[in-house]
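Asks: Just passing along the structure, written as structure tokens.
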Amino acid sequence: MMTFEIGFVIFVVVGMLICLIKEIARPDFIVFCALAVLLLTGILSPADALRGFSNEGMLTVALLFIVAGAVKQTGMLNHIVTRSMGTGKSHRKSLVQMMIPVSTLSAFLNNTPIVVMFTPVIRKWCKERNISPSKFLIPLSYATIFGGTLTLIGTSTNLVIHGFMLENGMGGFSMFQLAIVSLPAGLLGILYMVTIGYKLLPDRKTSEESFEESSREYLSEALVEPNSPLIGKTIEKAGLRNLQGLYLIELIRNGDRTAPVPSFIKLKENDRLIFTGLLSTIVELQNIKGLRVETGTNLKLESLQNGSASLVEAVVSHQSLLIQQTVKESKFRSKYDAGIVAVHRNDERINNKVGDIKLKAGDTLLLLANKDFVNRWSNSRDFYLLSPIEDPEIVDPKKSIIAITTLIVMILLAAFSIIPMFKAAVLAVVTLFVTKTVSFESARKYIQFDVLLLIACAIGVGIALEQTGAATLIANHFVQITKGAGVIGAIIAVYFLTTLFTEIITNNAAAVLMFPISLAISNQLEVDPMAFFVTIAIAASASFATPIGYQANLIVYGPGGYRFSDYLKIGIPLNILYLVVTVVIVYFVWIV
């Protein structure tokens with residue numbers, strides 16, 4: 001029966017989903033606001049609203065960010081994948097050789113840093129062999145998804161569901177329990193990608209190549225003439241900061257390069273100024289007295305960088321504060337100390353004045369910045385940096401051995417149930433701190449606080465669904481709708497709804513919302529709830545059909561030169577494959 005409380009909770013949750021779909025703000029902020037509404041209206045007590053912040057699954061995710069960061073900083077992972085890919089004579093063979101180790105690594109480490117780390121590595125490998133990286137980058141993303149579903153710690157979603165189960169007095173997942181379903185599904189997924197999937201993968205230019213080839217369309221150069229009235233004036237006073245269609249990205253003086261260009265720099269004779277933007281507005285520069293526009297120059301991207309200036313590619317993330325702001329509004333240049341040369345979206349460069357471009361998640365930015373930019377912003381929440389980080393072979397052999405050994409011991413302790421996963425993660429982090437393998441400063445950089453806030457707040461919303469009876473009411477409708485198809489119908493419906501939520505909101509939010517509903521469905525059907533929890537865990541991660549549903553897909557979107565339709569074409573059959581494998585195995589293992 002629908003009560004006011006149930007109606008209000010459903011209203012808040014639907015409002016939250018609409019805001020997440022429309023991307024009106026960052027996901028963690030939207031879910032936090034939904035939790036705040038439930039707390040302030042008295043639907044949730046302060047204790048219940050805060051339960052997500054002490055949830056074992058959420059805290060385990062936080063600890064694993066540190067462990068994964070320590071392993072990543074060793075630099076050993078790059079060598080594993082590049083060596084495994086081989087010569088590239090057989091593309092499909094190299095695809096298998098890449099996907100298997102990547103899947104294995106992502107079974108124990110966070111998917112996002114793996115994709116960020118390997119995207120430039122694979123692009124370089126492809127470039128050296130004259131292979132289009134678009135044949136390898138979607139498979140890279142999918143391989144991390146296959147691997148993430150193999151273990152309890154493969155993805156944060158598995159740990160969130162595990163934490164919920166513990167809160168409800170259940171045993172939780174064991175380390176490899178999900179592999180009963182995900183191992184056969186993953187192997188079939190790899191087989192699909194090297195056969196049908198490979199044929200469907202486009203053969204496209206990368207964002208890097210597109211930026212390079214079209215550089216003549218957006219780069220222009222001007223020279224400060226002798227006796228120019230501009231000499232001695234700052235960039236601001238000379239009127240070069242707010243041009244209609246052009247954006248000043250670099251100043252070259254006596255061979256020295258300044259990028260980005262501060263407003264207070266005073267112009268001197270023979271200064272060369274490099275602009276990006278709409279070349280149709282070049283007349284703006286020609287109208288400035290004392291500035292000679294250099295026509296017929298063949299400006300190339302590599303000519304912009306040397307000495308202190310370097311070109312960096314960055315993909316705008318889901319959690320970015322830059323989303324829905326223009327470049328000018330975000331004060332990008334002063335905030336990040338970097339100039340945006342061009343923006344790539346949906347397989348093409350945006351032909352607009354850079355300052356007026358409204359940024360979206362998945363946009364690939366070509367940045368001109370100082371050499372230390374990558375080190376300063378490599379752990380930024382606003383974008384993923386895809387330019388190869390100049391890593392030494394191995395940072396410190398001793399630290400590398402400690403990091404890898406700590407990870408292996410942590411996995412073994414949890415896998416053999418010697419201590420629970422949370423305690424194993426605490427022990428691992430303490431070991432890394434005591435041995436000085438990780439400093440407190442670097443640990444803070446590795447932890448993705450926005451992800452943790454999203455999980456903690458979503459858990460509170462899930463508790464409201466459960467406590468008010470809203471989950472039971474929704475479960476009743478599920479059971480009625482799938483009555484004719486029985487338990488199998490209910491499993492298919494739960495899988496389908498979870499994967500739909502994952503594609504349009506986020507995987508963690510999808511899992512949290514579906515947990516109380518699935519628990520209520522299993523109680524009504526009087527079946528083992530584990531069947532539904534495994535279904536949710538797989539469905540929340542098996543996000544192949546869009547670039548926006550899963551961070552890994554978003555990261556390769558621009559750099560691979562992909563279009564939205566590529567994900568639909570390749571991902572929908574893969575989604576159906578995962579659905580069939582999950583439903584069949586879950587039914588025979590936990591229902592029959």
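Following the order of the structure tokens, chains are lettered A, B, ..., residues in each are numbered from 1, and ligands are numbered from 1.
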Residues of range 320-387 of chain A in strand (DSSP E or B) according to DSSP, as a ChimeraX atom specification?
Replies: /A:326,338-345,348-349,358,364-370,383-385
Asks: Might you pull out every residue within 8 Å of Ala403 in chain A, with only C-alpha atoms counted and same-chain residues fewer than 3 positions away left off, and present them as a ChimeraX atom specification?
Replies: /A:67,70-71,74,399-400,406-407,432,437
Asks: What would the file look like if the residues just selected were written as a tab-separated table (two decimals), in the first residue's frame with C-alpha atoms?
Replies:
```tsv
chain	number	residue	atom	x	y	z
A	67	VAL	CA	46.90	-0.10	-2.71
A	70	ALA	CA	51.09	2.09	-4.91
A	71	VAL	CA	51.15	-0.68	-7.53
A	74	THR	CA	55.93	1.16	-9.66
A	399	LYS	CA	59.23	-0.21	-3.26
A	400	SER	CA	57.98	-2.04	-6.35
A	406	THR	CA	51.51	-6.49	-0.38
A	407	LEU	CA	48.80	-6.76	-3.05
A	432	LEU	CA	52.62	0.44	2.64
A	437	THR	CA	56.23	2.71	-0.06
```
Asks: Neighbours of Leu359 in chain A within 6 Å (only C-alpha atoms; same-chain residues fewer than 2 positions away dropped), as a ChimeraX atom specification?
Replies: /A:323-325
Asks: Between A:Met76, A:Val61, A:Val494, A:Lys89, which is the closest to Ile481 in chain A once you count only C-alpha atoms?
Replies: A:Val494
Asks: Could you jot down the CA of Ile10 in chain A to CA of Leu465 in chain A separation for me, Å, one decimal place?
Replies: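 About the pair CA of Ile10 in chain A and CA of Leu465 in chain A: they are 7.7 Å apart.
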Asks: Excluding Ser565 in chain A and residues on its chain fewer than 2 positions from it, collect all residues at most 12 Å away from it, counting only C-alpha atoms, and give them as a list of chain:residue names.
Replies: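 Selected residues are A:Leu200, A:Leu201, A:Pro202, A:Asn346, A:Asp347, A:Phe544, A:Ala545, A:Thr546, A:Pro547, A:Tyr557, A:Gly561, A:Tyr562, A:Arg563, A:Tyr567, A:Leu568, A:Lys569, A:Ile570, A:Gly571, A:Ile572.
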Asks: What is the CA of Leu137 in chain A-CA of Arg376 in chain A distance in Å, reported with one decimal?
Replies: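 Computing the Euclidean distance for CA of Leu137 in chain A and CA of Arg376 in chain A yields 25.9 Å.
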Asks: Tell me, as a tab-separated table (two decimals) with C-alpha atoms, in the first residue's frame, which residues lie within 8 Å of Val115 in chain A, counting only C-alpha atoms; anything in the same chain fewer than 6 positions away does not count.
Replies:
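Saved file result.tsv follows:
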```
chain	number	residue	atom	x	y	z
A	140	LEU	CA	41.10	-2.21	-23.80
A	141	SER	CA	38.11	-0.65	-22.00
A	144	THR	CA	38.97	-3.99	-17.81
A	552	ALA	CA	36.66	3.24	-18.82
A	555	ILE	CA	38.38	7.61	-21.39
A	556	VAL	CA	38.96	5.92	-24.79
```
Asks: So how far away is CA of Leu251 in chain A from CA of Ser215 in chain A, in Å?
Replies: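 Result for CA of Ser215 in chain A versus CA of Leu251 in chain A: 17.4 Å, one decimal.
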